[in-house]
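Chemist: Would you mind keeping the following structure in view while I ask a few things?
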Amino acid sequence: MLEKTFYKSLLKHSFTIPVKIVFWDGSSVVYGDGTPEVTITFKEKIPIRDITKNASIALGEAYMDKKIEIQGSIQTLIESAYESADSFMRSSKFRKFLPKQGHSEKESENDVQSHYDVGNDFYKLWLDDTLTYSCAYFTDGNHDDLTKAQVDKVHHILKKLDPKPGKTLLDIGCGWGTLMLTAAKEYGLKVTGVTLSEEQYRLVKNRIEKEGLQDVADVKLIDYRELGDQKWDYITSVGMFEHVGKENLGLYFKDIQGYLADDGVALIHGITRQQGGAYNGWINKYIFPGGYIPGLEEMIGHIEENHMQITDIEMLRRHYQRTLEIWDMNFNEHRAQILDMMGERFTRMWDLYLQACAASFESGNIDVIQYLITKGPSGKNLPMTRDYMTK
């Protein structure tokens with residue numbers, strides 16, 4: 001009886017859409033007016049102490065373990081919870097902080113490998129042909145196919161640098177190499193990519209050799225903090241700073257400043273919260289160990305503290321929502337194969353992750369932002385207007 005009372009209090013004002021809740025004893029209640037858009041079925045009780053300790057972990061694990069079933073769109077459900085001012089997802093009563101996270105070089109290596117070394121075969125099933133695992137850029141609204149949108153994103157980033165042939169570029173967290181190799185082949189740059197993922201390193205190294213780019217491209221399996229005293233004219237870093245942790249964010253920008261040549265230009269692309277930095281317990285535990293989403297003000301402060309200036313900022317929230325929706329559609333088209341490869345618990349976990357992130361972007365809970373930064377006065381040696389970025 002106590003558990004049901006707690007659940008009703010927890011869920012009563014948590015959604016902006018009508019939702020049906022079915023309890024473990026078969027009783028049910030509908031919150032909101034109209035026909036329920038989503039039904040949440042609790043197959044068994046989730047201990048109150050687990051929810052009050054960390055609701056995202058408790059409920060995420062319950063879904064992974066089939067203690068909770070959801071009929072209807074998970075994305076719609078979570079977006080509704082973010083939209084509700086009284087939702088437990090926004091209430092300080094249920095917002096708990098995780099223990100302090102470590103980000104030594106060894107811990108960072110383990111964090112990256114736990115996520116990206118799941119296996120290239122897994123990612124190939126649902127990413128696009130370029131194997132790009134970051135926000136795409138849809139130049140034609142929602143009508144672009146994902147591969148085109150990812151290629152367009154790469155060019156959008158590189159054009160912002162206004163790169164000159166023969167100059168050098170460092171790509172911190174190079175992924176599977178699409179950006180750095182495009183910069184070498186189509187923009188005439190000498191490129192260096194760094195990653196901590198052995199799977200990514202082997203694939204990029206093979207691409208360099210296969211495409212005969214050894215004279216202009218190099219990939220290193222190394223922590224970006226160990227690159228030494230070399231300088232680069234341009235730096236790109238896409239989807240990287242979310243991994244370094246709150247306590248290392250200032251050091252990350254210090255290293256970028258140190259690796260940039262005088263008057264160099266950097267394009268830093270990553271998830272940022274306009275409302276301020278935050279962790280998510282479930283995502284930190286199961287998807288991105290050590291992850292932290294910084295706030296916009298926090299990011300700007302670190303850039304300024306490290307004697308760099310911002311030339312341009314662009315928000316791409318809707319682009320990442322669309323990217324995630326396509327990823328989840330691709331994921332579920334290959335769901336049977338993923339079940340065979342990874343098992344049901346992992347499959348449910350990953351589907352929940354993709355839909356939850358799409359909902360978080362849709363609601364404005366998180367954003368993805370590109371920061372164009374110069375080492376020196378803002379925009380020095382760049383064109384006077386933004387027109388050059390889209391030509």
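As shown in the structure tokens, the chain order sets the letters A, B, ...; within each chain, residues go from 1, and ligands are also counted from 1 in the order they appear.
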I'd like the neighbourhood of Thr16 in chain A as a PyMOL selection string, where a residue qualifies if any of its atoms comes within 10 Å (using only C-alpha atoms), though same-chain residues fewer than 3 positions away should be ignored.

Modeler: chain A and resi 13+19+31-33+76-77+79-87

Chemist: Write out as a VMD selection string the residues lying within 8 Å of range 162-164 of chain A, counting only C-alpha atoms and excluding same-chain residues fewer than 4 positions away.

Modeler: chain A and resid 158 187 to 189 234 382 388 to 389

Chemist: Name the closest residue to Phe138 in chain A among the candidates A:Thr52, A:Ser28, A:Gln321, A:Gln71; distances are taken between atoms, counting only C-alpha atoms.

Modeler: A:Gln321

Chemist: So which residues touch Ala358 in chain A within 7 Å, counting only C-alpha atoms, skipping near sequence neighbours fewer than 5 positions away, as an MDAnalysis selection string?

Modeler: chainID A and resid 75 321 324:325

Chemist: Please list as an NGL selection string every residue within 12 Å of Leu181 in chain A, counting only C-alpha atoms and excluding residues in the same chain fewer than 6 positions away.

Modeler: :A and (130 or 151 or 154-155 or 158 or 169-171 or 174-175 or 187-193 or 204-219)

Chemist: Going by DSSP on the backbone, which bits of range 25-237 of chain A are helix (DSSP H, G or I)? Write them as a PyMOL selection string, please.

Modeler: chain A and resi 48-53+55-64+74-83+105-116+120-126+146-161+178-187+198-210+224-226

Chemist: Skipping near chain neighbours, those fewer than 6 positions away, what residues fall within 9 Å of Ile46 in chain A using only C-alpha atoms, listed as a list in words?

Modeler: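 Everything that qualifies: Glu3, Ala58, Leu59, Ala62 and Lys67 of chain A.
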
Chemist: Just give me the gap between CA of Met299 in chain A and CA of Gly60 in chain A in Å, one decimal is fine.

Modeler: 29.0 Å

Chemist: Tell me which of A:Gly343, A:Gly281, A:Pro18, A:Gly239 sits closest to Thr132 in chain A, counting only C-alpha atoms.

Modeler: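 Nearest to Thr132 in chain A: A:Gly239.
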
Chemist: For CA of Asp140 in chain A and CA of Asp367 in chain A, quote the distance in Å rounded to one decimal.

Modeler: 20.0 Å

Chemist: Report, in Å to a single decimal, how far apart CA of Trp282 in chain A and CA of Met315 in chain A are.

Modeler: 25.5 Å

Chemist: Near Tyr292 in chain A, within 12 Å and counting only C-alpha atoms, which residues show up once chain neighbours fewer than 2 positions away are dropped, as a ChimeraX atom specification?

Modeler: /A:97-98,100-103,239-249,270-273,276-281,283-285,287-290,294-295,366

Chemist: Only N, CA, C and O atoms, please: the residues just picked out, written as a tab-separated table (two decimals), in the first residue's frame.

Modeler:
chain	number	residue	atom	x	y	z
A	97	PHE	N	23.11	13.63	-6.84
A	97	PHE	CA	24.43	13.69	-7.46
A	97	PHE	C	25.15	12.37	-7.29
A	97	PHE	O	25.03	11.69	-6.28
A	98	LEU	N	25.92	12.03	-8.31
A	98	LEU	CA	26.75	10.83	-8.23
A	98	LEU	C	28.00	11.12	-7.42
A	98	LEU	O	28.40	12.26	-7.26
A	100	LYS	N	31.92	11.64	-6.73
A	100	LYS	CA	32.91	12.30	-7.56
A	100	LYS	C	33.52	11.30	-8.52
A	100	LYS	O	33.88	10.18	-8.15
A	101	GLN	N	33.66	11.69	-9.79
A	101	GLN	CA	34.16	10.79	-10.81
A	101	GLN	C	35.63	11.03	-11.07
A	101	GLN	O	36.10	12.16	-11.01
A	102	GLY	N	36.34	9.98	-11.36
A	102	GLY	CA	37.76	10.11	-11.67
A	102	GLY	C	37.98	10.25	-13.16
A	102	GLY	O	37.28	9.66	-13.96
A	103	HIS	N	39.02	11.02	-13.52
A	103	HIS	CA	39.36	11.18	-14.93
A	103	HIS	C	40.87	11.22	-15.10
A	103	HIS	O	41.41	12.08	-15.79
A	239	GLY	N	32.27	15.94	-30.05
A	239	GLY	CA	31.73	14.98	-29.11
A	239	GLY	C	32.76	14.46	-28.13
A	239	GLY	O	32.68	13.30	-27.69
A	240	MET	N	33.70	15.31	-27.74
A	240	MET	CA	34.81	14.88	-26.90
A	240	MET	C	34.73	15.43	-25.48
A	240	MET	O	34.91	14.70	-24.50
A	241	PHE	N	34.45	16.73	-25.34
A	241	PHE	CA	34.57	17.33	-24.01
A	241	PHE	C	33.56	16.77	-23.01
A	241	PHE	O	33.75	16.89	-21.80
A	242	GLU	N	32.49	16.13	-23.49
A	242	GLU	CA	31.53	15.49	-22.60
A	242	GLU	C	32.16	14.35	-21.79
A	242	GLU	O	31.61	13.91	-20.78
A	243	HIS	N	33.32	13.86	-22.26
A	243	HIS	CA	33.97	12.71	-21.62
A	243	HIS	C	35.02	13.11	-20.59
A	243	HIS	O	35.48	12.25	-19.84
A	244	VAL	N	35.44	14.37	-20.56
A	244	VAL	CA	36.62	14.70	-19.75
A	244	VAL	C	36.28	14.91	-18.29
A	244	VAL	O	37.17	14.85	-17.43
A	245	GLY	N	35.01	15.19	-17.96
A	245	GLY	CA	34.62	15.40	-16.58
A	245	GLY	C	34.68	16.85	-16.17
A	245	GLY	O	35.48	17.64	-16.70
A	246	LYS	N	33.85	17.22	-15.24
A	246	LYS	CA	33.77	18.60	-14.78
A	246	LYS	C	35.12	19.11	-14.28
A	246	LYS	O	35.52	20.24	-14.59
A	247	GLU	N	35.82	18.26	-13.53
A	247	GLU	CA	37.06	18.71	-12.91
A	247	GLU	C	38.19	18.89	-13.92
A	247	GLU	O	39.19	19.55	-13.62
A	248	ASN	N	38.06	18.33	-15.12
A	248	ASN	CA	39.12	18.43	-16.12
A	248	ASN	C	38.75	19.34	-17.30
A	248	ASN	O	39.54	19.47	-18.24
A	249	LEU	N	37.59	19.96	-17.25
A	249	LEU	CA	37.15	20.75	-18.40
A	249	LEU	C	38.08	21.95	-18.64
A	249	LEU	O	38.44	22.26	-19.79
A	270	GLY	N	30.04	19.95	-29.15
A	270	GLY	CA	29.64	18.97	-28.15
A	270	GLY	C	28.36	19.34	-27.43
A	270	GLY	O	27.83	20.45	-27.56
A	271	ILE	N	27.88	18.40	-26.64
A	271	ILE	CA	26.62	18.57	-25.92
A	271	ILE	C	26.83	19.53	-24.75
A	271	ILE	O	27.78	19.37	-23.97
A	272	THR	N	25.95	20.49	-24.65
A	272	THR	CA	26.02	21.52	-23.61
A	272	THR	C	24.61	21.78	-23.11
A	272	THR	O	23.65	21.75	-23.88
A	273	ARG	N	24.49	22.07	-21.81
A	273	ARG	CA	23.18	22.46	-21.27
A	273	ARG	C	23.14	23.97	-21.11
A	273	ARG	O	24.02	24.55	-20.47
A	276	GLY	N	22.85	24.95	-17.35
A	276	GLY	CA	23.90	24.62	-16.39
A	276	GLY	C	24.25	23.14	-16.46
A	276	GLY	O	23.48	22.32	-16.95
A	277	GLY	N	25.44	22.79	-15.98
A	277	GLY	CA	25.96	21.44	-16.12
A	277	GLY	C	25.18	20.41	-15.32
A	277	GLY	O	24.52	20.73	-14.33
A	278	ALA	N	25.28	19.13	-15.76
A	278	ALA	CA	24.54	18.06	-15.08
A	278	ALA	C	25.12	16.69	-15.43
A	278	ALA	O	25.73	16.51	-16.48
A	279	TYR	N	24.92	15.75	-14.52
A	279	TYR	CA	25.17	14.33	-14.75
A	279	TYR	C	23.82	13.64	-14.93
A	279	TYR	O	22.79	14.13	-14.49
A	280	ASN	N	23.83	12.45	-15.51
A	280	ASN	CA	22.68	11.56	-15.46
A	280	ASN	C	23.17	10.22	-14.94
A	280	ASN	O	24.07	9.61	-15.53
A	281	GLY	N	22.62	9.80	-13.82
A	281	GLY	CA	23.13	8.61	-13.14
A	281	GLY	C	23.11	7.36	-14.01
A	281	GLY	O	24.11	6.62	-14.07
A	283	ILE	N	22.89	7.03	-17.38
A	283	ILE	CA	23.78	7.12	-18.55
A	283	ILE	C	25.23	6.99	-18.11
A	283	ILE	O	26.04	6.35	-18.78
A	284	ASN	N	25.58	7.60	-16.97
A	284	ASN	CA	26.94	7.48	-16.48
A	284	ASN	C	27.30	6.05	-16.11
A	284	ASN	O	28.43	5.61	-16.31
A	285	LYS	N	26.34	5.33	-15.58
A	285	LYS	CA	26.62	3.96	-15.14
A	285	LYS	C	26.71	2.99	-16.31
A	285	LYS	O	27.58	2.10	-16.32
A	287	ILE	N	26.21	3.83	-20.05
A	287	ILE	CA	26.51	4.25	-21.43
A	287	ILE	C	27.83	5.00	-21.50
A	287	ILE	O	28.75	4.59	-22.21
A	288	PHE	N	27.94	6.10	-20.81
A	288	PHE	CA	29.14	6.94	-20.85
A	288	PHE	C	29.73	7.06	-19.44
A	288	PHE	O	29.48	8.05	-18.75
A	289	PRO	N	30.50	6.08	-18.98
A	289	PRO	CA	31.14	6.23	-17.66
A	289	PRO	C	31.99	7.50	-17.63
A	289	PRO	O	32.73	7.79	-18.58
A	290	GLY	N	31.86	8.26	-16.57
A	290	GLY	CA	32.65	9.48	-16.46
A	290	GLY	C	32.10	10.66	-17.20
A	290	GLY	O	32.72	11.72	-17.25
A	294	PRO	N	28.50	19.86	-19.59
A	294	PRO	CA	28.73	21.18	-18.99
A	294	PRO	C	27.66	22.19	-19.39
A	294	PRO	O	26.94	22.00	-20.37
A	295	GLY	N	27.61	23.27	-18.63
A	295	GLY	CA	26.70	24.37	-18.94
A	295	GLY	C	27.35	25.36	-19.89
A	295	GLY	O	28.58	25.45	-19.98
A	366	ILE	N	18.84	19.43	-23.03
A	366	ILE	CA	20.23	19.53	-23.45
A	366	ILE	C	20.29	20.10	-24.86
A	366	ILE	O	19.30	20.10	-25.59

Chemist: DSSP on the backbone, then: every residue of range 146-391 of chain A marked strand (DSSP E or B), written as a PyMOL selection string.

Modeler: chain A and resi 168-172+190-195+217-221+232-238+260-273+278+293+295+309-315+367-374

Chemist: Which polymer residues have any atom within 7 Å of an atom of Ala261 in chain A, counting only C-alpha atoms, with same-chain residues fewer than 6 positions away left out, as number ranges by chain?

Modeler: A: 231-233
